[in-house]
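S.K.: Quick one, data_10.tsv (TSV, C-alpha atoms):
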chain	number	residue	atom	x	y	z
A	21	MET	CA	47.83	15.16	25.42
A	22	LYS	CA	49.00	15.74	21.87
A	23	TRP	CA	49.05	12.00	21.21
A	24	ALA	CA	45.60	11.57	22.59
A	25	LEU	CA	44.32	14.27	20.27
A	26	LEU	CA	46.09	12.76	17.28
A	27	ILE	CA	44.68	9.28	18.00
A	28	GLY	CA	41.26	10.81	18.47
A	29	ALA	CA	41.50	12.63	15.14
A	30	LEU	CA	42.67	9.49	13.33
A	31	CYS	CA	39.83	7.49	14.79
A	32	LEU	CA	37.31	10.10	13.75
A	33	ALA	CA	38.69	10.11	10.23
A	34	GLY	CA	38.61	6.31	10.09
A	35	CYS	CA	35.16	5.95	11.55
A	36	ASN	CA	33.58	8.58	9.37
A	37	LYS	CA	30.96	7.47	6.90
A	38	PRO	CA	32.08	7.76	3.28
A	39	GLU	CA	31.45	11.21	1.79
A	40	SER	CA	29.06	9.99	-0.88
A	41	THR	CA	26.02	8.34	0.66
A	42	TYR	CA	24.12	8.87	-2.58
A	43	ALA	CA	24.56	7.21	-5.92
A	44	ARG	CA	25.34	9.49	-8.83
A	45	ASN	CA	22.46	11.23	-10.50
A	46	SER	CA	20.92	9.09	-13.22
A	47	ASP	CA	17.65	8.55	-15.01
A	48	VAL	CA	15.99	6.26	-17.47
A	49	LYS	CA	15.65	8.38	-20.61
A	50	ALA	CA	12.04	9.37	-21.32
A	51	GLY	CA	11.92	7.43	-24.59
A	52	ASP	CA	13.40	4.28	-23.00
A	53	ILE	CA	10.82	3.74	-20.26
A	54	LYS	CA	9.64	0.13	-20.36
A	55	SER	CA	7.33	-1.86	-18.16
A	56	GLY	CA	8.79	-4.84	-16.32
A	57	TYR	CA	6.75	-6.90	-18.78
A	58	ALA	CA	9.33	-6.15	-21.48
A	59	PHE	CA	12.00	-7.98	-19.47
A	60	LEU	CA	9.98	-11.16	-18.89
A	61	GLN	CA	10.43	-14.47	-20.65
A	62	ASP	CA	7.79	-15.37	-23.24
A	63	ASP	CA	6.26	-18.01	-20.94
A	64	THR	CA	5.73	-15.49	-18.17
A	65	LYS	CA	4.32	-12.93	-20.61
A	66	ALA	CA	1.84	-15.55	-21.83
A	67	LEU	CA	0.74	-16.15	-18.25
A	68	GLN	CA	-0.02	-12.46	-17.76
A	69	ASP	CA	-1.75	-12.11	-21.13
A	70	ASP	CA	-4.26	-14.90	-20.52
A	71	ASP	CA	-6.89	-13.77	-18.01
A	72	PHE	CA	-7.63	-17.36	-17.10
A	73	ALA	CA	-4.07	-18.66	-16.72
A	74	ASN	CA	-3.04	-15.56	-14.74
A	75	PRO	CA	-3.22	-16.67	-11.09
A	76	GLY	CA	-3.65	-13.04	-10.02
A	77	PHE	CA	-7.29	-13.34	-11.02
A	78	LEU	CA	-7.89	-15.62	-8.04
A	79	TRP	CA	-7.34	-12.48	-5.95
A	80	VAL	CA	-9.29	-10.22	-8.32
A	81	ASP	CA	-12.25	-12.62	-7.99
A	82	ARG	CA	-11.89	-12.55	-4.23
A	83	GLY	CA	-11.80	-8.75	-4.23
A	84	LYS	CA	-14.84	-8.50	-6.49
A	85	ARG	CA	-16.77	-10.77	-4.14
A	86	LEU	CA	-15.79	-8.68	-1.11
A	87	PHE	CA	-16.67	-5.51	-3.01
A	88	GLU	CA	-20.20	-6.72	-3.63
A	89	THR	CA	-20.90	-8.39	-0.28
A	90	ALA	CA	-21.90	-6.53	2.84
A	91	GLU	CA	-20.13	-7.23	6.11
A	92	THR	CA	-22.28	-7.21	9.23
A	93	GLY	CA	-23.86	-3.83	9.77
A	94	ALA	CA	-22.06	-2.15	6.90
A	95	SER	CA	-23.02	-1.14	3.39
A	96	THR	CA	-21.27	-2.75	0.46
A	97	CYS	CA	-18.54	-0.96	-1.49
A	98	SER	CA	-20.73	-1.24	-4.57
A	99	THR	CA	-23.47	0.83	-2.89
A	100	CYS	CA	-21.34	3.94	-3.43
A	101	HIS	CA	-18.91	2.81	-6.09
A	102	GLY	CA	-21.24	0.71	-8.24
A	103	ALA	CA	-21.80	1.37	-11.91
A	104	HIS	CA	-24.43	4.03	-11.10
A	105	GLY	CA	-22.46	5.73	-8.32
A	106	MET	CA	-18.85	6.63	-8.74
A	107	PRO	CA	-17.26	4.26	-11.20
A	108	LEU	CA	-13.77	3.32	-10.12
A	109	LYS	CA	-12.46	2.85	-13.63
A	110	GLY	CA	-9.11	4.56	-14.03
A	111	VAL	CA	-8.93	5.72	-10.42
A	112	ALA	CA	-6.09	3.42	-9.37
A	113	ALA	CA	-3.76	4.94	-11.95
A	114	HIS	CA	-3.61	8.15	-9.89
A	115	TYR	CA	-2.42	6.62	-6.62
A	116	PRO	CA	-0.57	7.27	-4.31
A	117	LYS	CA	-2.43	10.47	-3.55
A	118	VAL	CA	-2.41	12.94	-0.64
A	119	ASP	CA	-5.51	12.78	1.52
A	120	ALA	CA	-6.94	16.29	1.61
A	121	LYS	CA	-8.16	15.98	5.22
A	122	THR	CA	-5.09	14.59	6.94
A	123	GLY	CA	-2.34	15.56	4.50
A	124	LYS	CA	-1.08	11.97	4.59
A	125	LEU	CA	0.05	10.13	1.51
A	126	LEU	CA	-2.21	7.17	0.71
A	127	ASN	CA	-1.60	4.33	-1.67
A	128	LEU	CA	-4.49	2.23	-2.94
A	129	GLU	CA	-4.31	-0.16	0.02
A	130	ALA	CA	-4.42	2.72	2.50
A	131	ALA	CA	-7.24	4.42	0.60
A	132	ILE	CA	-9.33	1.24	0.71
A	133	ASN	CA	-8.74	0.91	4.44
A	134	LEU	CA	-9.60	4.58	5.01
A	135	CYS	CA	-12.84	4.08	3.12
A	136	ARG	CA	-13.66	1.07	5.30
A	137	GLU	CA	-13.11	3.10	8.46
A	138	GLN	CA	-14.76	6.35	7.40
A	139	HIS	CA	-17.69	5.18	5.32
A	140	GLN	CA	-18.40	1.62	6.39
A	141	GLY	CA	-17.46	1.76	10.05
A	142	LEU	CA	-15.28	-1.32	9.63
A	143	GLU	CA	-11.86	-2.27	10.94
A	144	PRO	CA	-9.01	-1.76	8.47
A	145	LEU	CA	-7.79	-4.93	6.76
A	146	ALA	CA	-4.30	-6.14	7.63
A	147	TYR	CA	-1.65	-5.16	5.11
A	148	GLU	CA	-0.73	-8.08	2.84
A	149	SER	CA	-3.78	-10.08	3.94
A	150	ASP	CA	-5.49	-11.93	1.09
A	151	ASP	CA	-8.57	-9.76	1.60
A	152	LEU	CA	-6.74	-6.45	1.24
A	153	LEU	CA	-4.68	-7.80	-1.67
A	154	GLY	CA	-7.90	-8.97	-3.30
A	155	MET	CA	-9.64	-5.62	-2.87
A	156	THR	CA	-6.59	-3.76	-4.16
A	157	ALA	CA	-6.22	-6.12	-7.11
A	158	TYR	CA	-9.88	-5.76	-8.01
A	159	VAL	CA	-9.83	-1.95	-7.87
A	160	ALA	CA	-6.50	-1.83	-9.72
A	161	SER	CA	-7.80	-4.23	-12.37
A	162	LEU	CA	-10.54	-1.70	-13.20
A	163	SER	CA	-7.74	0.60	-14.39
A	164	ARG	CA	-5.94	-1.90	-16.59
A	165	GLY	CA	-4.49	-0.15	-19.60
A	166	GLU	CA	-4.84	3.33	-18.09
A	167	PRO	CA	-1.60	5.33	-18.11
A	168	VAL	CA	0.01	5.86	-14.70
A	169	SER	CA	-0.28	9.52	-13.77
A	170	VAL	CA	0.21	10.99	-10.30
A	171	ASP	CA	0.16	14.46	-8.84
A	172	ILE	CA	3.43	15.50	-7.21
A	173	THR	CA	2.65	19.18	-6.74
A	174	GLY	CA	1.57	20.99	-3.57
A	175	PRO	CA	1.38	18.77	-0.49
A	176	ALA	CA	2.64	15.75	-2.46
A	177	ALA	CA	5.94	17.44	-3.33
A	178	LYS	CA	7.65	16.63	-0.05
A	179	TYR	CA	6.68	12.94	-0.30
A	180	TYR	CA	8.01	12.83	-3.83
A	181	GLU	CA	11.34	14.25	-2.65
A	182	GLU	CA	11.45	11.75	0.20
A	183	GLY	CA	10.84	8.88	-2.22
A	184	ARG	CA	13.47	10.16	-4.59
A	185	ASP	CA	15.92	10.47	-1.71
A	186	TYR	CA	15.34	6.80	-0.83
A	187	PHE	CA	15.80	5.73	-4.44
A	188	PHE	CA	19.23	7.35	-4.74
A	189	ARG	CA	20.49	6.72	-1.20
A	190	ARG	CA	23.05	3.95	-0.85
A	191	LYS	CA	22.08	1.48	1.83
A	192	GLY	CA	22.62	-1.96	3.29
A	193	GLN	CA	25.74	-4.10	3.49
A	194	PHE	CA	26.12	-3.93	-0.29
A	195	ASN	CA	25.95	-0.14	-0.10
A	196	LEU	CA	23.73	0.04	-3.16
A	197	ALA	CA	21.04	2.50	-4.19
A	198	CYS	CA	17.95	1.48	-6.16
A	199	SER	CA	19.16	3.69	-9.00
A	200	GLN	CA	22.39	1.76	-9.45
A	201	CYS	CA	20.54	-1.30	-10.74
A	202	HIS	CA	17.35	0.18	-12.13
A	203	ASN	CA	18.66	3.38	-13.75
A	204	GLU	CA	22.24	2.52	-14.59
A	205	HIS	CA	22.09	-1.20	-15.41
A	206	TRP	CA	18.57	-2.10	-16.55
A	207	GLY	CA	18.50	-4.57	-19.41
A	208	GLU	CA	21.74	-6.18	-18.20
A	209	LYS	CA	22.04	-9.52	-16.44
A	210	LEU	CA	21.98	-10.04	-12.70
A	211	ARG	CA	22.82	-13.73	-12.39
A	212	GLY	CA	20.22	-15.50	-14.55
A	213	ASP	CA	17.78	-12.64	-14.69
A	214	THR	CA	17.45	-9.43	-16.66
A	215	ILE	CA	17.37	-6.31	-14.52
A	216	SER	CA	14.18	-4.35	-15.06
A	217	GLN	CA	13.70	-0.63	-14.68
A	218	GLY	CA	11.88	-1.19	-11.40
A	219	HIS	CA	8.44	0.16	-12.22
A	220	GLY	CA	5.43	-0.68	-10.04
A	221	ASN	CA	2.71	-0.55	-12.69
A	222	ALA	CA	1.93	-4.30	-12.49
A	223	PHE	CA	1.48	-4.41	-8.71
A	224	PRO	CA	-0.17	-5.94	-6.80
A	225	ALA	CA	1.15	-8.84	-8.86
A	226	TYR	CA	1.60	-12.59	-8.83
A	227	ARG	CA	5.28	-13.39	-8.47
A	228	LEU	CA	6.47	-16.83	-9.47
A	229	GLU	CA	9.27	-16.64	-6.93
A	230	TRP	CA	6.73	-16.11	-4.16
A	231	GLN	CA	4.26	-18.59	-5.62
A	232	ASP	CA	1.89	-15.98	-4.30
A	233	PHE	CA	0.25	-12.65	-4.91
A	234	GLY	CA	1.82	-9.62	-3.26
A	235	SER	CA	1.85	-5.86	-2.94
A	236	LEU	CA	4.44	-3.40	-4.18
A	237	HIS	CA	5.63	-3.02	-0.59
A	238	ARG	CA	6.37	-6.73	-0.41
A	239	ARG	CA	8.40	-6.33	-3.60
A	240	LEU	CA	10.27	-3.35	-2.15
A	241	ARG	CA	11.02	-5.34	0.99
A	242	ASP	CA	12.53	-8.07	-1.19
A	243	CYS	CA	14.68	-5.54	-3.02
A	244	ASP	CA	15.89	-4.05	0.26
A	245	ALA	CA	16.60	-7.51	1.68
A	246	GLY	CA	18.44	-8.34	-1.55
A	247	ILE	CA	20.95	-5.54	-1.02
A	248	ARG	CA	21.08	-6.51	2.66
A	249	ALA	CA	19.43	-3.33	3.83
A	250	GLU	CA	16.77	-3.34	6.49
A	251	PRO	CA	13.32	-3.70	4.88
A	252	GLN	CA	10.79	-1.05	5.93
A	253	ASP	CA	7.42	-2.01	7.39
A	254	TYR	CA	4.41	-2.76	5.21
A	255	GLY	CA	2.51	0.46	4.69
A	256	SER	CA	5.32	2.57	6.16
A	257	GLU	CA	5.50	6.25	5.23
A	258	THR	CA	8.87	5.67	3.58
A	259	TYR	CA	7.52	3.03	1.20
A	260	MET	CA	4.44	5.19	0.50
A	261	ALA	CA	6.82	7.96	-0.56
A	262	VAL	CA	8.89	5.52	-2.64
A	263	GLU	CA	5.67	4.32	-4.26
A	264	LEU	CA	4.83	7.90	-5.23
A	265	TYR	CA	8.31	8.48	-6.64
A	266	LEU	CA	8.12	5.22	-8.61
A	267	ALA	CA	4.68	6.10	-9.98
A	268	LYS	CA	5.94	9.48	-11.20
A	269	ARG	CA	8.99	7.76	-12.65
A	270	ALA	CA	6.72	5.28	-14.49
A	271	GLU	CA	4.37	7.99	-15.74
A	272	GLY	CA	2.61	7.02	-18.95
A	273	LEU	CA	3.10	3.26	-18.58
A	274	ALA	CA	-0.11	1.26	-18.75
A	275	MET	CA	-1.48	-0.19	-15.52
A	276	GLU	CA	-1.08	-3.98	-15.64
A	277	SER	CA	-2.34	-5.20	-12.27
A	278	PRO	CA	-2.87	-8.09	-11.75
A	279	GLY	CA	0.51	-8.56	-13.39
A	280	VAL	CA	2.70	-11.65	-13.40
A	281	ARG	CA	6.37	-11.27	-12.57
A	282	ARG	CA	9.24	-13.65	-12.17
B	262	MET	CA	-11.53	-21.75	-4.20
B	263	ILE	CA	-11.51	-22.73	-7.83
B	264	ARG	CA	-11.79	-20.85	-11.11
B	265	ILE	CA	-13.43	-22.84	-13.87
B	266	SER	CA	-13.73	-22.14	-17.55
B	267	ALA	CA	-16.16	-24.48	-19.30
B	268	PRO	CA	-18.71	-23.77	-22.04
B	269	ASP	CA	-22.40	-23.81	-21.12
B	270	THR	CA	-23.45	-25.20	-24.48
B	271	ALA	CA	-21.85	-27.36	-27.15
B	272	GLU	CA	-22.85	-29.23	-30.27
B	273	MET	CA	-23.07	-33.00	-30.24
B	274	GLY	CA	-19.62	-34.47	-30.80
B	275	GLU	CA	-17.85	-31.15	-30.37
B	276	ILE	CA	-14.52	-31.14	-28.55
B	277	VAL	CA	-14.59	-28.53	-25.80
B	278	GLU	CA	-11.74	-27.22	-23.68
B	279	VAL	CA	-12.18	-27.19	-19.93
B	280	LYS	CA	-9.87	-25.25	-17.63
B	281	ALA	CA	-9.58	-25.15	-13.87
B	282	MET	CA	-7.33	-23.29	-11.46
B	283	ILE	CA	-7.39	-24.23	-7.79
B	284	GLN	CA	-6.24	-21.72	-5.20
B	285	HIS	CA	-3.87	-23.65	-2.98
B	286	PRO	CA	-0.37	-22.94	-1.56
B	287	MET	CA	0.93	-26.46	-2.47
B	288	GLU	CA	3.48	-26.17	0.33
B	289	THR	CA	6.19	-28.75	-0.38
B	290	GLY	CA	7.25	-29.53	3.18
B	291	TYR	CA	10.88	-28.86	2.23
B	292	ARG	CA	10.92	-25.16	3.02
B	293	ARG	CA	11.74	-23.46	6.29
B	294	ASP	CA	10.27	-20.28	7.73
B	295	ALA	CA	12.16	-17.23	9.02
B	296	LYS	CA	12.84	-18.98	12.34
B	297	GLY	CA	14.27	-22.07	10.67
B	298	ASP	CA	11.33	-24.33	11.43
B	299	VAL	CA	10.09	-26.66	8.71
B	300	ILE	CA	6.85	-25.48	7.12
B	301	PRO	CA	4.65	-28.59	7.11
B	302	ARG	CA	3.68	-30.10	3.80
B	303	ASN	CA	0.24	-29.05	2.63
B	304	ILE	CA	-0.70	-30.22	-0.84
B	305	ILE	CA	-3.64	-31.35	-2.92
B	306	LYS	CA	-3.34	-35.07	-3.62
B	307	GLN	CA	-6.07	-35.79	-6.11
B	308	PHE	CA	-8.07	-33.99	-8.77
B	309	ARG	CA	-10.95	-35.51	-10.67
B	310	CYS	CA	-13.35	-34.34	-13.35
B	311	ALA	CA	-16.50	-36.32	-14.07
B	312	TYR	CA	-18.82	-35.68	-17.01
B	313	GLY	CA	-22.27	-37.18	-16.65
B	314	GLY	CA	-20.99	-39.36	-13.81
B	315	ASN	CA	-18.02	-40.82	-15.74
B	316	THR	CA	-14.47	-39.83	-14.85
B	317	VAL	CA	-12.99	-38.07	-17.86
B	318	PHE	CA	-9.85	-36.63	-16.29
B	319	GLU	CA	-7.94	-37.52	-13.18
B	320	ALA	CA	-4.63	-36.38	-11.73
B	321	THR	CA	-2.49	-37.26	-8.72
B	322	PHE	CA	-0.42	-34.38	-7.38
B	323	PHE	CA	3.00	-34.45	-5.73
B	324	PRO	CA	5.02	-31.74	-3.94
B	325	GLY	CA	6.66	-30.71	-7.22
B	326	ILE	CA	3.45	-29.09	-8.47
B	327	ALA	CA	3.48	-25.29	-8.21
B	328	ALA	CA	1.06	-23.29	-6.06
B	329	ASN	CA	-2.40	-22.64	-7.50
B	330	PRO	CA	-2.39	-25.59	-9.92
B	331	PHE	CA	-3.79	-24.90	-13.38
B	332	LEU	CA	-5.29	-27.77	-15.38
B	333	ALA	CA	-6.56	-27.65	-18.94
B	334	PHE	CA	-7.95	-30.56	-20.88
B	335	CYS	CA	-10.47	-31.37	-23.59
B	336	LEU	CA	-13.54	-33.54	-23.61
B	337	ARG	CA	-16.02	-34.57	-26.27
B	338	ALA	CA	-19.58	-33.33	-25.75
B	339	THR	CA	-21.80	-36.40	-26.00
B	340	ARG	CA	-24.85	-35.57	-23.89
B	341	THR	CA	-26.35	-32.89	-21.70
B	342	GLY	CA	-25.14	-33.31	-18.15
B	343	PRO	CA	-23.13	-31.98	-15.26
B	344	ILE	CA	-19.34	-31.57	-15.32
B	345	GLU	CA	-18.19	-32.10	-11.77
B	346	PHE	CA	-14.78	-30.99	-10.57
B	347	SER	CA	-13.57	-32.40	-7.27
B	348	TRP	CA	-10.26	-32.24	-5.48
B	349	THR	CA	-8.90	-33.68	-2.25
B	350	ASP	CA	-6.04	-32.48	-0.10
B	351	GLN	CA	-3.57	-34.61	1.84
B	352	HIS	CA	-5.75	-34.49	4.95
B	353	GLY	CA	-8.65	-36.04	3.06
B	354	GLU	CA	-10.74	-32.88	2.83
B	355	THR	CA	-12.68	-32.74	-0.44
B	356	TRP	CA	-14.20	-29.84	-2.34
B	357	SER	CA	-16.27	-29.87	-5.48
B	358	GLU	CA	-17.90	-27.56	-8.03
B	359	THR	CA	-20.28	-28.36	-10.83
B	360	ARG	CA	-21.03	-26.79	-14.20
B	361	GLN	CA	-23.86	-27.80	-16.47
B	362	LEU	CA	-23.16	-28.54	-20.13
B	363	THR	CA	-26.11	-28.47	-22.52
B	364	VAL	CA	-25.52	-30.41	-25.72
B	365	SER	CA	-27.67	-29.76	-28.78
Could I get this file's structure written as structure tokens?

M.R.:
Amino acid sequence: MKWALLIGALCLAGCNKPESTYARNSDVKAGDIKSGYAFLQDDTKALQDDDFANPGFLWVDRGKRLFETAETGASTCSTCHGAHGMPLKGVAAHYPKVDAKTGKLLNLEAAINLCREQHQGLEPLAYESDDLLGMTAYVASLSRGEPVSVDITGPAAKYYEEGRDYFFRRKGQFNLACSQCHNEHWGEKLRGDTISQGHGNAFPAYRLEWQDFGSLHRRLRDCDAGIRAEPQDYGSETYMAVELYLAKRAEGLAMESPGVRR
Amino acid sequence: MIRISAPDTAEMGEIVEVKAMIQHPMETGYRRDAKGDVIPRNIIKQFRCAYGGNTVFEATFFPGIAANPFLAFCLRATRTGPIEFSWTDQHGETWSETRQLTVS
């Protein structure tokens, strides 16, 4: 009996998760906050700076077309949001935002889909589809240069905390937290690349590695896969919360979408 | 889908820059998907630009060209006429777009 207890206790001790499931507390100092742009090579910067060479504009053009064209039986986005209605300039810089009606946290993609359902009577667009990416890119491009600024008070507070929790929680087979690269080691080398501070102000963005345009959630999935953690679903509540935390963390940086990233 | 940057007007003899970006995945045929199956090659093979009916720029593409190919070249404005951009993929499907250049 004694032996059984002892073996049981040893096993419990051995099987226990390590005490610290969180990385140590860290931050990028307020004066040091830099957009991912600062860590790009000159060639890649040039690609983002030239509105013709930037492939992201293929999606902005697509979004603009969708914005101005009516789908069967529905009004166009520009009917409400056109220059004489509610201009969308600067709006994207304040997302993610809590929806007053449902209390849910919405990023730009989700807000566009909600608008389609509520005001146009249309089906939501699939996450990461070229159409939704295009719409998001177009709306985000109207806020280029605007400083990122989100509200984390009131109903948004709990989402902010959830996002922060994810950022500092160690996960995956590498047992790494986001903060360990992007707060503690930004500016240093990870193989051939320079580690950025992990801001989302250029997304949706064209990534050379993808040879494609993608959302912030696609980027987060890549990061999670990179540390061998399980990627969350596109549009999941967890990534929405992370997006809010990242936006607060990047506060004051200029919106760059459609950005170009390595 | 193509994005084109070409001037509408030019002076006789002026050298103008023409730019084009074609939206295309330019899938090499060497990559595999998440299940391990080969993703079939899907590339543009030929690009051509004709000014007033004469070919002024032509390119043959291979799998090494990146997605969404971007081409920039110059031509001399000699007469008013259409600039026609056309491109063909490996299956033989052809697309084209035209811009008018007025020379004074």

S.K.: How many Å lie between atom CA of Glu166 of chain A and atom CA of Glu271 of chain A, rounded to one decimal?

M.R.: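 For atom CA of Glu166 of chain A relative to atom CA of Glu271 of chain A, the distance reads 10.6 Å.
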
S.K.: For chain A against chain B, with a cut-off of 8 Å and counting only C-alpha atoms, what is the closest atom pair and its distance in Å to one decimal for every residue that makes the cut, ordered by chain and number, as a tab-separated table?

M.R.:
residue	atom	partner	partner_atom	distance
A:Phe72	CA	B:Ser266	CA	7.8
A:Ala73	CA	B:Phe331	CA	7.1
A:Pro75	CA	B:Asn329	CA	7.0
A:Leu78	CA	B:Gln284	CA	6.9
A:Gln231	CA	B:Ala328	CA	5.7
A:Asp232	CA	B:Ala328	CA	7.6

S.K.: Let me make sure I understand: among A:Gln193, A:Ala50, A:Val159, A:Phe59, which one has the smallest atom-to-atom distance to His101 of chain A if we use all atoms listed in the file?

M.R.: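 Once distances to His101 of chain A are computed over all atoms listed in the file, the minimum belongs to A:Val159.
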
S.K.: Please identify all polymer residues within 12 Å of Ala58 of chain A, counting all atoms listed in the file, omitting same-chain residues fewer than 6 positions from it, and present them as a list in words.

M.R.: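 Listing them by chain and then by number gives Asp52, Thr64, Lys65, Gln68, Trp206, Gly207, Thr214, Ile215, Ser216, Gln217, Gly218, His219, Ala222, Leu273, Val280, Arg281 and Arg282 of chain A.
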
S.K.: Which residues, written as a PyMOL selection string, have at least one atom at most 9 Å from segment 267-274 of chain B, with all atoms listed in the file counted and residues fewer than 3 positions away on the same chain left out?

M.R.: chain B and resi 277-281+337-341+344+360-365

S.K.: Considering all atoms listed in the file, state which residue in the set A:Leu142, A:Leu67, A:Ala120, A:Leu264 is at the smallest distance from Ala225 of chain A.

M.R.: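 With all atoms listed in the file as the atom set, the closest residue is A:Leu67.
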
S.K.: Can you tell me, as JSON, numbers by chain, what residues are no more than 8 Å from Phe322 of chain B when counting all atoms listed in the file, ignoring any on the same chain fewer than 2 positions away?

M.R.: {"B": [304, 305, 306, 307, 308, 320, 324, 325, 326]}

S.K.: With 9 Å as the threshold, what does the neighbourhood of (2.8, 5.7, -22.5) contain in terms of residues, counting all atoms listed in the file? Coordinates are those of the file; answer as a PyMOL selection string.

M.R.: chain A and resi 53+167-168+270-274

S.K.: Rounded to one decimal in Å, what is the spacing between atom CA of Asp69 of chain A and atom CA of Gly279 of chain A?

M.R.: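 Atom CA of Gly279 of chain A lies 8.8 Å from atom CA of Asp69 of chain A.
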
S.K.: Quick one: distance from atom CA of Thr359 of chain B to atom CA of Pro343 of chain B in Å, one decimal?

M.R.: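 Here the two named atoms are 6.4 Å from each other.
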
S.K.: Enclose segment 83-99 of chain A, meaning all of its atoms listed in the file, in a box aligned along x, y and z, pad it by 8 Å on each side, and list the centre and edge lengths in Å to one decimal, as AutoDock Vina command-line options.

M.R.:
--center_x -17.8 --center_y -5.0 --center_z 1.6 --size_x 28.1 --size_y 27.6 --size_z 32.3

S.K.: A:Asp171, A:Asp150, A:Asp253, A:Asp213: which is nearest Ala113 of chain A, counting only C-alpha atoms?

M.R.: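 Checking each candidate against Ala113 of chain A, we get A:Asp171 as the closest.
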
S.K.: Could you check the closest approach to Ala177 of chain A for each of A:Cys100, A:Glu88, A:Gly123, A:Gly93 and tell me which residue wins, using all atoms listed in the file?

M.R.: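 Ranked by minimum distance to Ala177 of chain A, first place goes to A:Gly123.
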
S.K.: Residues within 9 Å of (-5.3, 5.0, -6.2), file coordinates, counting only C-alpha atoms: what are they? Give the list as a list of chain:residue names.

M.R.: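 Protein, DNA and RNA residues close to (-5.3, 5.0, -6.2): A:Gly110, A:Val111, A:Ala112, A:Ala113, A:His114, A:Tyr115, A:Pro116, A:Lys117, A:Leu126, A:Asn127, A:Leu128, A:Glu129, A:Ala131, A:Ile132, A:Val159, A:Ala160.
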
S.K.: From the options A:Pro278, A:Gly234, A:Gly56, A:Gly192, which residue's atoms come nearest to Tyr147 of chain A, counting only C-alpha atoms?

M.R.: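 Residue with the minimum atom-to-atom distance to Tyr147 of chain A: A:Gly234.
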